[in-house]
>>> print(open('data_20.cif').read())   # mmCIF, C-alpha atoms
data_run
loop_
_atom_site.group_PDB
_atom_site.id
_atom_site.type_symbol
_atom_site.label_atom_id
_atom_site.label_comp_id
_atom_site.auth_asym_id
_atom_site.auth_seq_id
_atom_site.Cartn_x
_atom_site.Cartn_y
_atom_site.Cartn_z
ATOM 1 C CA MET N 191 4.615 21.275 -42.685
ATOM 2 C CA SER N 192 3.306 17.760 -43.154
ATOM 3 C CA ALA N 193 2.379 15.655 -40.133
ATOM 4 C CA THR N 194 4.380 12.550 -39.272
ATOM 5 C CA THR N 195 2.758 9.219 -40.153
ATOM 6 C CA PHE N 196 2.445 6.826 -37.224
ATOM 7 C CA ASN N 197 1.670 3.147 -37.559
ATOM 8 C CA THR N 198 1.944 1.839 -34.022
ATOM 9 C CA LEU N 199 1.716 3.074 -30.427
ATOM 10 C CA PRO N 200 5.040 4.486 -29.242
ATOM 11 C CA PRO N 201 6.574 2.457 -26.369
ATOM 12 C CA VAL N 202 6.090 5.179 -23.767
ATOM 13 C CA GLY N 203 3.505 6.135 -21.139
ATOM 14 C CA LEU N 204 0.635 3.673 -20.842
ATOM 15 C CA ALA N 205 2.102 1.480 -23.590
ATOM 16 C CA ALA N 206 5.629 1.381 -22.128
ATOM 17 C CA GLY N 207 5.154 -2.094 -20.637
ATOM 18 C CA LEU N 208 3.790 -3.694 -23.808
ATOM 19 C CA ALA N 209 5.819 -5.697 -26.321
ATOM 20 C CA ASP N 210 6.032 -4.525 -29.969
ATOM 21 C CA ALA N 211 3.422 -7.027 -31.165
ATOM 22 C CA GLU N 212 1.080 -6.112 -28.285
ATOM 23 C CA ARG N 213 1.281 -2.399 -29.077
ATOM 24 C CA ALA N 214 0.623 -3.140 -32.746
ATOM 25 C CA ARG N 215 -2.517 -5.101 -31.823
ATOM 26 C CA LEU N 216 -3.887 -2.419 -29.549
ATOM 27 C CA TRP N 217 -3.142 0.211 -32.210
ATOM 28 C CA THR N 218 -5.620 -1.353 -34.664
ATOM 29 C CA PHE N 219 -8.506 -0.805 -32.218
ATOM 30 C CA GLY N 220 -8.086 2.986 -32.271
ATOM 31 C CA ASP N 221 -7.769 5.776 -34.867
ATOM 32 C CA VAL N 222 -5.321 8.586 -35.505
ATOM 33 C CA ILE N 223 -7.020 11.977 -35.317
ATOM 34 C CA SER N 224 -5.519 15.293 -36.447
ATOM 35 C CA HIS N 225 -6.369 18.430 -34.494
ATOM 36 C CA ASP N 226 -5.863 22.054 -35.506
ATOM 37 C CA ARG N 227 -4.648 24.505 -32.908
ATOM 38 C CA GLY N 228 -7.651 25.453 -30.748
ATOM 39 C CA ASP N 229 -9.711 22.296 -31.481
ATOM 40 C CA ALA N 230 -11.364 20.850 -28.362
ATOM 41 C CA LEU N 231 -10.779 17.098 -27.869
ATOM 42 C CA VAL N 232 -12.678 16.937 -24.589
ATOM 43 C CA LYS N 233 -15.252 19.365 -23.204
ATOM 44 C CA GLN N 234 -15.774 19.893 -19.500
ATOM 45 C CA GLY N 235 -19.144 18.495 -18.387
ATOM 46 C CA GLN N 236 -19.619 16.338 -21.504
ATOM 47 C CA PRO N 237 -19.445 12.525 -21.498
ATOM 48 C CA GLN N 238 -15.846 11.415 -21.812
ATOM 49 C CA GLY N 239 -15.793 8.304 -23.946
ATOM 50 C CA PHE N 240 -12.290 8.319 -25.450
ATOM 51 C CA LEU N 241 -8.731 7.789 -24.372
ATOM 52 C CA HIS N 242 -6.315 9.988 -26.357
ATOM 53 C CA VAL N 243 -2.600 9.266 -26.513
ATOM 54 C CA VAL N 244 -0.646 12.250 -27.884
ATOM 55 C CA LEU N 245 1.524 11.274 -30.868
ATOM 56 C CA GLU N 246 2.577 14.747 -31.926
ATOM 57 C CA GLY N 247 1.934 18.317 -30.786
ATOM 58 C CA GLU N 248 0.742 19.531 -27.402
ATOM 59 C CA LEU N 249 -2.608 19.671 -25.609
ATOM 60 C CA ARG N 250 -3.679 22.124 -22.941
ATOM 61 C CA VAL N 251 -6.003 21.130 -20.089
ATOM 62 C CA HIS N 252 -8.140 23.777 -18.438
ATOM 63 C CA VAL N 253 -11.182 24.173 -16.238
ATOM 64 C CA THR N 254 -13.633 27.031 -16.440
ATOM 65 C CA SER N 255 -15.786 28.370 -13.645
ATOM 66 C CA GLU N 256 -18.108 31.372 -13.655
ATOM 67 C CA GLU N 257 -15.261 33.836 -13.290
ATOM 68 C CA ALA N 258 -12.093 32.208 -14.491
ATOM 69 C CA LEU N 259 -10.326 29.875 -16.853
ATOM 70 C CA VAL N 260 -7.579 27.964 -15.072
ATOM 71 C CA THR N 261 -4.936 26.026 -16.991
ATOM 72 C CA LEU N 262 -4.174 22.764 -15.191
ATOM 73 C CA GLY N 263 -1.331 21.605 -17.388
ATOM 74 C CA TYR N 264 -0.039 20.503 -20.761
ATOM 75 C CA VAL N 265 -0.024 17.049 -22.321
ATOM 76 C CA GLU N 266 3.025 16.114 -24.391
ATOM 77 C CA PRO N 267 3.713 13.255 -26.845
ATOM 78 C CA GLY N 268 3.533 9.882 -25.086
ATOM 79 C CA GLU N 269 1.146 11.209 -22.440
ATOM 80 C CA SER N 270 -2.580 10.630 -22.395
ATOM 81 C CA VAL N 271 -5.944 12.074 -21.401
ATOM 82 C CA GLY N 272 -9.298 10.397 -20.744
ATOM 83 C CA GLU N 273 -8.161 7.147 -19.075
ATOM 84 C CA MET N 274 -11.175 7.165 -16.749
ATOM 85 C CA GLY N 275 -13.542 7.276 -19.719
ATOM 86 C CA LEU N 276 -12.400 3.775 -20.713
ATOM 87 C CA LEU N 277 -13.527 2.364 -17.378
ATOM 88 C CA GLU N 278 -16.720 4.154 -16.487
ATOM 89 C CA ASP N 279 -19.359 6.555 -17.776
ATOM 90 C CA VAL N 280 -17.892 9.834 -16.620
ATOM 91 C CA GLU N 281 -18.317 13.503 -17.357
ATOM 92 C CA ALA N 282 -15.095 15.232 -18.265
ATOM 93 C CA GLY N 283 -13.817 17.283 -15.345
ATOM 94 C CA ALA N 284 -11.811 19.577 -17.627
ATOM 95 C CA THR N 285 -11.573 20.809 -21.213
ATOM 96 C CA VAL N 286 -8.694 19.675 -23.410
ATOM 97 C CA VAL N 287 -7.715 21.709 -26.479
ATOM 98 C CA ALA N 288 -4.906 21.353 -29.002
ATOM 99 C CA ASN N 289 -2.284 23.953 -28.137
ATOM 100 C CA SER N 290 -0.529 23.351 -31.455
ATOM 101 C CA PRO N 291 -1.415 21.276 -34.518
ATOM 102 C CA SER N 292 -1.534 17.797 -32.992
ATOM 103 C CA GLN N 293 -2.145 14.142 -33.695
ATOM 104 C CA THR N 294 -3.612 11.740 -31.155
ATOM 105 C CA TRP N 295 -4.372 8.047 -31.189
ATOM 106 C CA ALA N 296 -7.926 7.745 -29.858
ATOM 107 C CA ILE N 297 -9.800 4.665 -28.694
ATOM 108 C CA SER N 298 -13.464 4.613 -27.633
ATOM 109 C CA ARG N 299 -14.770 2.671 -24.650
ATOM 110 C CA GLU N 300 -16.621 0.270 -27.009
ATOM 111 C CA ARG N 301 -13.453 -0.446 -29.002
ATOM 112 C CA PHE N 302 -11.470 -0.859 -25.812
ATOM 113 C CA ASP N 303 -14.026 -3.404 -24.568
ATOM 114 C CA ALA N 304 -13.602 -5.264 -27.879
ATOM 115 C CA PHE N 305 -9.820 -5.226 -27.366
ATOM 116 C CA VAL N 306 -10.238 -6.564 -23.813
ATOM 117 C CA ALA N 307 -12.396 -9.421 -25.114
ATOM 118 C CA ALA N 308 -9.970 -10.231 -27.956
ATOM 119 C CA TYR N 309 -6.661 -9.935 -26.065
ATOM 120 C CA PRO N 310 -7.302 -10.304 -22.324
ATOM 121 C CA ALA N 311 -3.659 -10.986 -21.437
ATOM 122 C CA VAL N 312 -2.479 -7.746 -23.080
ATOM 123 C CA ALA N 313 -5.465 -5.895 -21.611
ATOM 124 C CA VAL N 314 -4.449 -6.889 -18.049
ATOM 125 C CA LYS N 315 -1.021 -5.313 -18.604
ATOM 126 C CA PHE N 316 -2.527 -2.166 -20.107
ATOM 127 C CA LEU N 317 -5.122 -1.842 -17.325
ATOM 128 C CA ARG N 318 -2.360 -2.210 -14.791
ATOM 129 C CA GLU N 319 -0.529 0.752 -16.365
ATOM 130 C CA ILE N 320 -3.761 2.756 -16.234
ATOM 131 C CA ALA N 321 -4.227 1.792 -12.568
ATOM 132 C CA ILE N 322 -0.654 2.891 -11.761
ATOM 133 C CA LEU N 323 -1.284 6.237 -13.439
ATOM 134 C CA LEU N 324 -4.528 6.665 -11.488
ATOM 135 C CA ALA N 325 -2.850 5.692 -8.209
ATOM 136 C CA ARG N 326 -0.125 8.300 -8.762
ATOM 137 C CA ARG N 327 -2.704 10.943 -9.583
ATOM 138 C CA LEU N 328 -4.613 10.058 -6.410
ATOM 139 C CA ARG N 329 -1.463 10.311 -4.287
ATOM 140 C CA LYS N 330 -0.682 13.705 -5.776
ATOM 141 C CA GLY N 331 -4.251 14.794 -5.001
ATOM 142 C CA SER N 332 -3.945 13.732 -1.346
ATOM 143 C CA GLU N 333 -0.646 15.555 -1.005
ATOM 144 C CA ARG N 334 -2.187 18.681 -2.452
ATOM 145 C CA LEU N 335 -5.129 18.363 -0.075
ATOM 146 C CA LEU N 336 -2.711 18.131 2.827
ATOM 147 C CA ASP N 337 -0.669 21.098 1.580
ATOM 148 C CA SER N 338 -3.745 23.251 1.211
ATOM 149 C CA THR N 339 -4.768 22.676 4.838
ATOM 150 C CA GLU N 340 -1.456 24.034 6.123
ATOM 151 C CA VAL N 341 -1.976 27.685 6.868
ATOM 152 C CA MET S 93 -1.767 -10.664 19.098
ATOM 153 C CA PRO S 94 -4.437 -10.729 16.382
ATOM 154 C CA GLU S 95 -5.846 -14.131 15.530
ATOM 155 C CA SER S 96 -5.234 -15.343 12.047
ATOM 156 C CA ASN S 97 -6.637 -18.138 9.951
ATOM 157 C CA SER S 98 -7.788 -18.883 6.459
ATOM 158 C CA LEU S 99 -11.269 -18.792 5.041
ATOM 159 C CA ALA S 100 -12.857 -21.478 2.805
ATOM 160 C CA THR S 101 -13.981 -18.887 0.289
ATOM 161 C CA LEU S 102 -14.446 -15.134 0.023
ATOM 162 C CA PRO S 103 -17.840 -13.425 -0.313
ATOM 163 C CA ALA S 104 -18.672 -11.782 -3.670
ATOM 164 C CA LEU S 105 -18.037 -8.326 -2.194
ATOM 165 C CA GLY S 106 -16.394 -5.184 -3.531
ATOM 166 C CA PHE S 107 -13.704 -5.903 -6.122
ATOM 167 C CA LEU S 108 -14.559 -9.632 -5.988
ATOM 168 C CA THR S 109 -18.192 -9.098 -7.040
ATOM 169 C CA ASP S 110 -17.757 -10.305 -10.630
ATOM 170 C CA LEU S 111 -15.385 -13.191 -9.856
ATOM 171 C CA ASP S 112 -16.565 -16.778 -10.051
ATOM 172 C CA GLU S 113 -16.599 -18.921 -6.933
ATOM 173 C CA SER S 114 -13.540 -20.977 -7.806
ATOM 174 C CA ALA S 115 -11.479 -17.808 -8.225
ATOM 175 C CA ARG S 116 -12.702 -16.509 -4.861
ATOM 176 C CA THR S 117 -11.828 -19.823 -3.261
ATOM 177 C CA ARG S 118 -8.308 -19.706 -4.727
ATOM 178 C CA LEU S 119 -7.869 -16.131 -3.530
ATOM 179 C CA ALA S 120 -9.098 -17.074 -0.053
ATOM 180 C CA ALA S 121 -6.408 -19.750 0.126
ATOM 181 C CA ALA S 122 -3.725 -17.377 -1.158
ATOM 182 C CA GLY S 123 -4.397 -14.901 1.661
ATOM 183 C CA ARG S 124 -5.434 -14.996 5.311
ATOM 184 C CA VAL S 125 -8.073 -13.580 7.603
ATOM 185 C CA ARG S 126 -7.282 -11.421 10.647
ATOM 186 C CA SER S 127 -9.448 -10.073 13.460
ATOM 187 C CA LEU S 128 -8.485 -6.594 14.591
ATOM 188 C CA PRO S 129 -9.481 -4.953 17.875
ATOM 189 C CA LEU S 130 -10.675 -1.362 18.234
ATOM 190 C CA GLY S 131 -7.823 1.114 17.976
ATOM 191 C CA GLU S 132 -5.421 -1.187 16.129
ATOM 192 C CA TYR S 133 -3.508 0.324 13.198
ATOM 193 C CA LEU S 134 -3.865 -1.717 10.021
ATOM 194 C CA VAL S 135 -1.579 0.673 8.114
ATOM 195 C CA THR S 136 0.751 3.375 9.424
ATOM 196 C CA GLN S 137 1.539 6.375 7.212
ATOM 197 C CA GLY S 138 5.088 6.226 5.878
ATOM 198 C CA GLU S 139 5.593 2.487 6.421
ATOM 199 C CA SER S 140 6.943 0.516 3.502
ATOM 200 C CA GLN S 141 7.858 -2.901 4.893
ATOM 201 C CA ALA S 142 4.715 -4.776 3.883
ATOM 202 C CA HIS S 143 2.796 -4.478 0.624
ATOM 203 C CA HIS S 144 -0.618 -5.974 1.264
ATOM 204 C CA LEU S 145 -4.064 -5.608 -0.204
ATOM 205 C CA TYR S 146 -6.839 -5.762 2.407
ATOM 206 C CA LEU S 147 -10.550 -6.412 1.968
ATOM 207 C CA LEU S 148 -12.709 -5.397 4.923
ATOM 208 C CA LEU S 149 -15.174 -8.205 5.709
ATOM 209 C CA SER S 150 -16.776 -6.635 8.797
ATOM 210 C CA GLY S 151 -16.267 -3.664 11.106
ATOM 211 C CA THR S 152 -15.179 -0.121 10.248
ATOM 212 C CA LEU S 153 -11.849 1.559 9.533
ATOM 213 C CA ALA S 154 -10.962 5.248 9.432
ATOM 214 C CA VAL S 155 -8.388 6.731 7.047
ATOM 215 C CA SER S 156 -6.442 9.882 7.823
ATOM 216 C CA CYS S 157 -3.149 11.440 6.861
ATOM 217 C CA HIS S 158 -0.967 13.931 8.638
ATOM 218 C CA ALA S 159 1.789 16.435 7.948
ATOM 219 C CA GLY S 160 3.357 18.192 10.921
ATOM 220 C CA SER S 161 0.567 19.009 13.338
ATOM 221 C CA GLN S 162 -2.126 18.872 10.668
ATOM 222 C CA THR S 163 -4.347 15.804 10.286
ATOM 223 C CA VAL S 164 -6.839 15.354 7.470
ATOM 224 C CA GLU S 165 -9.631 12.805 7.839
ATOM 225 C CA LEU S 166 -9.904 11.154 4.443
ATOM 226 C CA GLY S 167 -12.937 8.988 5.142
ATOM 227 C CA THR S 168 -14.126 5.656 6.482
ATOM 228 C CA ILE S 169 -13.919 2.172 5.030
ATOM 229 C CA ALA S 170 -17.010 -0.041 5.174
ATOM 230 C CA PRO S 171 -17.267 -3.819 4.602
ATOM 231 C CA GLY S 172 -16.654 -4.682 0.939
ATOM 232 C CA GLU S 173 -14.143 -1.844 0.521
ATOM 233 C CA THR S 174 -10.402 -2.266 0.214
ATOM 234 C CA VAL S 175 -7.238 -0.775 1.628
ATOM 235 C CA GLY S 176 -3.819 -0.932 0.024
ATOM 236 C CA GLU S 177 -4.891 -1.379 -3.594
ATOM 237 C CA MET S 178 -2.420 1.325 -4.623
ATOM 238 C CA ASN S 179 0.269 -0.460 -2.683
ATOM 239 C CA VAL S 180 -0.037 -3.725 -4.605
ATOM 240 C CA ILE S 181 -0.309 -1.966 -7.973
ATOM 241 C CA ASP S 182 2.389 0.672 -7.485
ATOM 242 C CA PRO S 183 4.347 0.010 -4.262
ATOM 243 C CA LYS S 184 5.309 3.148 -2.341
ATOM 244 C CA HIS S 185 5.304 4.267 1.277
ATOM 245 C CA ALA S 186 1.805 4.106 2.766
ATOM 246 C CA SER S 187 0.178 7.505 2.204
ATOM 247 C CA ALA S 188 -2.217 7.365 5.170
ATOM 248 C CA ASP S 189 -2.999 5.845 8.569
ATOM 249 C CA VAL S 190 -5.776 3.273 8.689
ATOM 250 C CA VAL S 191 -7.152 2.548 12.152
ATOM 251 C CA VAL S 192 -9.914 0.244 13.413
ATOM 252 C CA THR S 193 -12.964 2.205 14.651
ATOM 253 C CA ALA S 194 -15.280 -0.817 15.091
ATOM 254 C CA PRO S 195 -13.840 -4.343 15.695
ATOM 255 C CA ALA S 196 -12.933 -5.589 12.267
ATOM 256 C CA VAL S 197 -12.255 -8.721 10.257
ATOM 257 C CA VAL S 198 -10.041 -8.257 7.200
ATOM 258 C CA TRP S 199 -8.803 -10.605 4.523
ATOM 259 C CA GLU S 200 -5.271 -9.808 3.396
ATOM 260 C CA ILE S 201 -3.029 -10.922 0.563
ATOM 261 C CA THR S 202 0.607 -10.086 -0.152
ATOM 262 C CA LYS S 203 1.625 -8.356 -3.363
ATOM 263 C CA THR S 204 3.502 -11.488 -4.437
ATOM 264 C CA ALA S 205 0.489 -13.771 -3.994
ATOM 265 C CA PHE S 206 -1.789 -11.197 -5.640
ATOM 266 C CA ASP S 207 0.510 -10.915 -8.679
ATOM 267 C CA ALA S 208 0.617 -14.706 -8.960
ATOM 268 C CA PHE S 209 -3.187 -14.834 -8.997
ATOM 269 C CA LEU S 210 -3.391 -12.171 -11.743
ATOM 270 C CA HIS S 211 -0.823 -14.059 -13.749
ATOM 271 C CA GLU S 212 -2.262 -17.557 -13.534
ATOM 272 C CA ASP S 213 -5.876 -16.727 -14.466
ATOM 273 C CA THR S 214 -6.100 -14.063 -17.173
ATOM 274 C CA LYS S 215 -9.883 -13.856 -17.286
ATOM 275 C CA GLN S 216 -10.413 -13.496 -13.542
ATOM 276 C CA GLY S 217 -7.280 -11.344 -13.242
ATOM 277 C CA LEU S 218 -8.727 -8.963 -15.814
ATOM 278 C CA LEU S 219 -11.953 -8.622 -13.791
ATOM 279 C CA VAL S 220 -9.941 -7.850 -10.659
ATOM 280 C CA MET S 221 -7.794 -5.258 -12.438
ATOM 281 C CA GLN S 222 -10.854 -3.604 -13.981
ATOM 282 C CA ALA S 223 -12.602 -3.434 -10.608
ATOM 283 C CA LEU S 224 -9.521 -1.947 -8.911
ATOM 284 C CA ALA S 225 -9.066 0.647 -11.678
ATOM 285 C CA VAL S 226 -12.734 1.684 -11.421
ATOM 286 C CA MET S 227 -12.321 2.022 -7.655
ATOM 287 C CA LEU S 228 -9.323 4.318 -8.188
ATOM 288 C CA CYS S 229 -11.370 6.422 -10.643
ATOM 289 C CA ARG S 230 -14.081 6.891 -8.036
ATOM 290 C CA ARG S 231 -11.567 7.848 -5.399
ATOM 291 C CA ILE S 232 -9.964 10.388 -7.730
ATOM 292 C CA ARG S 233 -13.339 11.927 -8.449
ATOM 293 C CA LYS S 234 -14.166 12.103 -4.740
ATOM 294 C CA SER S 235 -10.824 13.691 -3.984
ATOM 295 C CA SER S 236 -11.197 16.229 -6.839
ATOM 296 C CA ASP S 237 -14.664 17.165 -5.589
ATOM 297 C CA ARG S 238 -13.240 17.617 -2.138
ATOM 298 C CA MET S 239 -10.469 19.853 -3.398
ATOM 299 C CA LEU S 240 -12.960 21.904 -5.381
ATOM 300 C CA HIS S 241 -15.170 22.356 -2.318
ATOM 301 C CA GLN S 242 -12.193 23.309 -0.244
ATOM 302 C CA ALA S 243 -11.050 25.866 -2.834
ATOM 303 C CA GLU S 244 -14.552 27.328 -2.955
ATOM 304 C CA ALA S 245 -14.785 27.460 0.836
ATOM 305 C CA GLN S 246 -11.417 29.175 1.027
ATOM 306 C CA ARG S 247 -12.418 31.724 -1.580
ATOM 307 C CA ALA S 248 -15.697 32.417 0.206
ATOM 308 C CA TYR S 249 -13.743 32.897 3.426
ATOM 309 C CA TYR S 250 -11.313 35.373 1.877
ATOM 310 C CA GLU S 251 -14.150 37.278 0.242
ATOM 311 C CA TRP S 252 -15.817 37.472 3.619
ATOM 312 C CA VAL S 253 -12.590 38.650 5.306
ATOM 313 C CA ASP S 254 -12.161 41.345 2.643
#
>>> encode(input="data_20.cif", output="C-alpha cells")
Amino acid sequence: MSATTFNTLPPVGLAAGLADAERARLWTFGDVISHDRGDALVKQGQPQGFLHVVLEGELRVHVTSEEALVTLGYVEPGESVGEMGLLEDVEAGATVVANSPSQTWAISRERFDAFVAAYPAVAVKFLREIAILLARRLRKGSERLLDSTEV
Amino acid sequence: MPESNSLATLPALGFLTDLDESARTRLAAAGRVRSLPLGEYLVTQGESQAHHLYLLLSGTLAVSCHAGSQTVELGTIAPGETVGEMNVIDPKHASADVVVTAPAVVWEITKTAFDAFLHEDTKQGLLVMQALAVMLCRRIRKSSDRMLHQAEAQRAYYEWVD
C-alpha cells in the first residue's frame, strides 16, 4: 500500500480557521514524516520540541509508571500532539507511538518561530486555535479533578 | 458598589510584560479599573453573561470550583496573574468561583474590546496571544501534576486499606 501524498495542511483541527493560502504558507515551514507501526514520535520525559499534525494513520498516547502502561487515547487524522512544545521548553508528559503506519506534518519550535516572524497575522490566528485547544484541555482536567474527589 | 475608573497606562506585569508602553496605554484605555472589597465575587461558577479578561493589579483572589457538596480549592491569584483568559479565547460558562481574599484592584476588558486590540495591532497582539497560550500551558501542567499526585495518594490509601 502506498502512502497518500499531501501538499498542504488539511483544513481541520488547529488549521481549521486558516484560509487556503495561509495553510499553504504554514505547510512550507514543516516536514512530512512517515512512521512505521510502533515508531515513537514523542518519548515521555524527553524534551518535546515538535508539533505533529496527523495526516494519515493513527497514534497512541500512553504513560508509563513503575508498574503500568496506561493508554490515554488515540490521535486521528486532523488531530495533533505536542502543541505545548511550540510555546515553551517542556518535557513530554506522555509517549506517543504510531499505532498503524502513519504520516504526520511536523514543525519544530525554531521553524515555528521563523513562521511567526514571517507571517505574524497568520500566526495570531494559529496561536488562538492552540490556545482554544489548551483551554478545552484545561477545562476537561478541572472537571476530572472534581469528579475524582466525589466519593 | 465598586468604584470604577480608567488608568493612564498598565504596568508591564504578567501577560503584558513584553508589550511596549503605547500598547499598554491603549489597552488601559480600552478597559477599566475596579476596586473590590474582601469577600466580593469577581466570577461566579456557571455564569455566562459577561466575558471579561481580568488582570490583578493588587490584592489576592482565591479560585475554587464545586459540584454538589464538594468544593475543590484550585489555587490563589497574585498580582500580575489573570482571570478569565479562557473566557475571552473560548467563551463558555465560568468553570470556577473567584473571590477576593485581600482587598483587590483589577483591570478588566471585555472580549469585544480585547478582540479589537488583537486585530488592530498584529505585532503586539501576537505577543499577548503567545503569553496567554504559555500561561495555559503552565496551568495544564500544574493541573496534570495535581491529578497525578491525587491518583498516587488514592492508590497509597487503597493499598493501606487492603
>>> interface_residues(input="data_20.cif", of="chain S", to="chain N", cutoff="9 Å", atoms="all atoms listed in the file", output="MDAnalysis selection string")
chainID S and resid 157:160 162:164 166 177:179 181:182 187 210:211 214:215 217:219 221:226 228:229 231:233 235:236 238:239 242:243
>>> write_last_selection(input="data_20.cif", atoms="C-alpha atoms", output="PDB file, in the coordinates of the input")
ATOM      1  CA  CYS S 157      -3.149  11.440   6.861  1.00  0.00           C
ATOM      2  CA  HIS S 158      -0.967  13.931   8.638  1.00  0.00           C
ATOM      3  CA  ALA S 159       1.789  16.435   7.948  1.00  0.00           C
ATOM      4  CA  GLY S 160       3.357  18.192  10.921  1.00  0.00           C
ATOM      5  CA  GLN S 162      -2.126  18.872  10.668  1.00  0.00           C
ATOM      6  CA  THR S 163      -4.347  15.804  10.286  1.00  0.00           C
ATOM      7  CA  VAL S 164      -6.839  15.354   7.470  1.00  0.00           C
ATOM      8  CA  LEU S 166      -9.904  11.154   4.443  1.00  0.00           C
ATOM      9  CA  GLU S 177      -4.891  -1.379  -3.594  1.00  0.00           C
ATOM     10  CA  MET S 178      -2.420   1.325  -4.623  1.00  0.00           C
ATOM     11  CA  ASN S 179       0.269  -0.460  -2.683  1.00  0.00           C
ATOM     12  CA  ILE S 181      -0.309  -1.966  -7.973  1.00  0.00           C
ATOM     13  CA  ASP S 182       2.389   0.672  -7.485  1.00  0.00           C
ATOM     14  CA  SER S 187       0.178   7.505   2.204  1.00  0.00           C
ATOM     15  CA  LEU S 210      -3.391 -12.171 -11.743  1.00  0.00           C
ATOM     16  CA  HIS S 211      -0.823 -14.059 -13.749  1.00  0.00           C
ATOM     17  CA  THR S 214      -6.100 -14.063 -17.173  1.00  0.00           C
ATOM     18  CA  LYS S 215      -9.883 -13.856 -17.286  1.00  0.00           C
ATOM     19  CA  GLY S 217      -7.280 -11.344 -13.242  1.00  0.00           C
ATOM     20  CA  LEU S 218      -8.727  -8.963 -15.814  1.00  0.00           C
ATOM     21  CA  LEU S 219     -11.953  -8.622 -13.791  1.00  0.00           C
ATOM     22  CA  MET S 221      -7.794  -5.258 -12.438  1.00  0.00           C
ATOM     23  CA  GLN S 222     -10.854  -3.604 -13.981  1.00  0.00           C
ATOM     24  CA  ALA S 223     -12.602  -3.434 -10.608  1.00  0.00           C
ATOM     25  CA  LEU S 224      -9.521  -1.947  -8.911  1.00  0.00           C
ATOM     26  CA  ALA S 225      -9.066   0.647 -11.678  1.00  0.00           C
ATOM     27  CA  VAL S 226     -12.734   1.684 -11.421  1.00  0.00           C
ATOM     28  CA  LEU S 228      -9.323   4.318  -8.188  1.00  0.00           C
ATOM     29  CA  CYS S 229     -11.370   6.422 -10.643  1.00  0.00           C
ATOM     30  CA  ARG S 231     -11.567   7.848  -5.399  1.00  0.00           C
ATOM     31  CA  ILE S 232      -9.964  10.388  -7.730  1.00  0.00           C
ATOM     32  CA  ARG S 233     -13.339  11.927  -8.449  1.00  0.00           C
ATOM     33  CA  SER S 235     -10.824  13.691  -3.984  1.00  0.00           C
ATOM     34  CA  SER S 236     -11.197  16.229  -6.839  1.00  0.00           C
ATOM     35  CA  ARG S 238     -13.240  17.617  -2.138  1.00  0.00           C
ATOM     36  CA  MET S 239     -10.469  19.853  -3.398  1.00  0.00           C
ATOM     37  CA  GLN S 242     -12.193  23.309  -0.244  1.00  0.00           C
ATOM     38  CA  ALA S 243     -11.050  25.866  -2.834  1.00  0.00           C
TER      39      ALA S 243
END
>>> residues_near_point(input="data_20.cif", point="(-14.2, 9.6, -25.4)", cutoff="12 Å", atoms="only C-alpha atoms", output="PDB file with C-alpha atoms, keeping the file's coordinate frame")
ATOM      1  CA  GLY N 220      -8.086   2.986 -32.271  1.00  0.00           C
ATOM      2  CA  ALA N 230     -11.364  20.850 -28.362  1.00  0.00           C
ATOM      3  CA  LEU N 231     -10.779  17.098 -27.869  1.00  0.00           C
ATOM      4  CA  VAL N 232     -12.678  16.937 -24.589  1.00  0.00           C
ATOM      5  CA  LYS N 233     -15.252  19.365 -23.204  1.00  0.00           C
ATOM      6  CA  GLN N 234     -15.774  19.893 -19.500  1.00  0.00           C
ATOM      7  CA  GLN N 236     -19.619  16.338 -21.504  1.00  0.00           C
ATOM      8  CA  PRO N 237     -19.445  12.525 -21.498  1.00  0.00           C
ATOM      9  CA  GLN N 238     -15.846  11.415 -21.812  1.00  0.00           C
ATOM     10  CA  GLY N 239     -15.793   8.304 -23.946  1.00  0.00           C
ATOM     11  CA  PHE N 240     -12.290   8.319 -25.450  1.00  0.00           C
ATOM     12  CA  LEU N 241      -8.731   7.789 -24.372  1.00  0.00           C
ATOM     13  CA  HIS N 242      -6.315   9.988 -26.357  1.00  0.00           C
ATOM     14  CA  VAL N 243      -2.600   9.266 -26.513  1.00  0.00           C
ATOM     15  CA  VAL N 271      -5.944  12.074 -21.401  1.00  0.00           C
ATOM     16  CA  GLY N 272      -9.298  10.397 -20.744  1.00  0.00           C
ATOM     17  CA  GLU N 273      -8.161   7.147 -19.075  1.00  0.00           C
ATOM     18  CA  MET N 274     -11.175   7.165 -16.749  1.00  0.00           C
ATOM     19  CA  GLY N 275     -13.542   7.276 -19.719  1.00  0.00           C
ATOM     20  CA  LEU N 276     -12.400   3.775 -20.713  1.00  0.00           C
ATOM     21  CA  LEU N 277     -13.527   2.364 -17.378  1.00  0.00           C
ATOM     22  CA  GLU N 278     -16.720   4.154 -16.487  1.00  0.00           C
ATOM     23  CA  ASP N 279     -19.359   6.555 -17.776  1.00  0.00           C
ATOM     24  CA  VAL N 280     -17.892   9.834 -16.620  1.00  0.00           C
ATOM     25  CA  GLU N 281     -18.317  13.503 -17.357  1.00  0.00           C
ATOM     26  CA  ALA N 282     -15.095  15.232 -18.265  1.00  0.00           C
ATOM     27  CA  VAL N 286      -8.694  19.675 -23.410  1.00  0.00           C
ATOM     28  CA  TRP N 295      -4.372   8.047 -31.189  1.00  0.00           C
ATOM     29  CA  ALA N 296      -7.926   7.745 -29.858  1.00  0.00           C
ATOM     30  CA  ILE N 297      -9.800   4.665 -28.694  1.00  0.00           C
ATOM     31  CA  SER N 298     -13.464   4.613 -27.633  1.00  0.00           C
ATOM     32  CA  ARG N 299     -14.770   2.671 -24.650  1.00  0.00           C
ATOM     33  CA  GLU N 300     -16.621   0.270 -27.009  1.00  0.00           C
ATOM     34  CA  ARG N 301     -13.453  -0.446 -29.002  1.00  0.00           C
ATOM     35  CA  PHE N 302     -11.470  -0.859 -25.812  1.00  0.00           C
TER      36      PHE N 302
END
>>> closest_residue(input="data_20.cif", among="N:His225, N:Glu266, N:Leu216, N:Asn197", to="Asp303 in chain N", atoms="all atoms listed in the file")
N:Leu216
>>> resolve_selection(input="data_20.cif", expression="the PyMOL selection byres ((chain S and resi 121) around 12)", output="PyMOL selection string")
chain S and resi 97-102+114-120+122-125+199-202+205-206+209
>>> atom_distance(input="data_20.cif", atom1="CA of Ala170 in chain S", atom2="CA of Gln137 in chain S")
19.7 Å
>>> atom_distance(input="data_20.cif", atom1="CA of Ala209 in chain N", atom2="CA of Leu249 in chain N")
26.7 Å
>>> atom_distance(input="data_20.cif", atom1="CA of Asp226 in chain N", atom2="CA of Thr294 in chain N")
11.4 Å
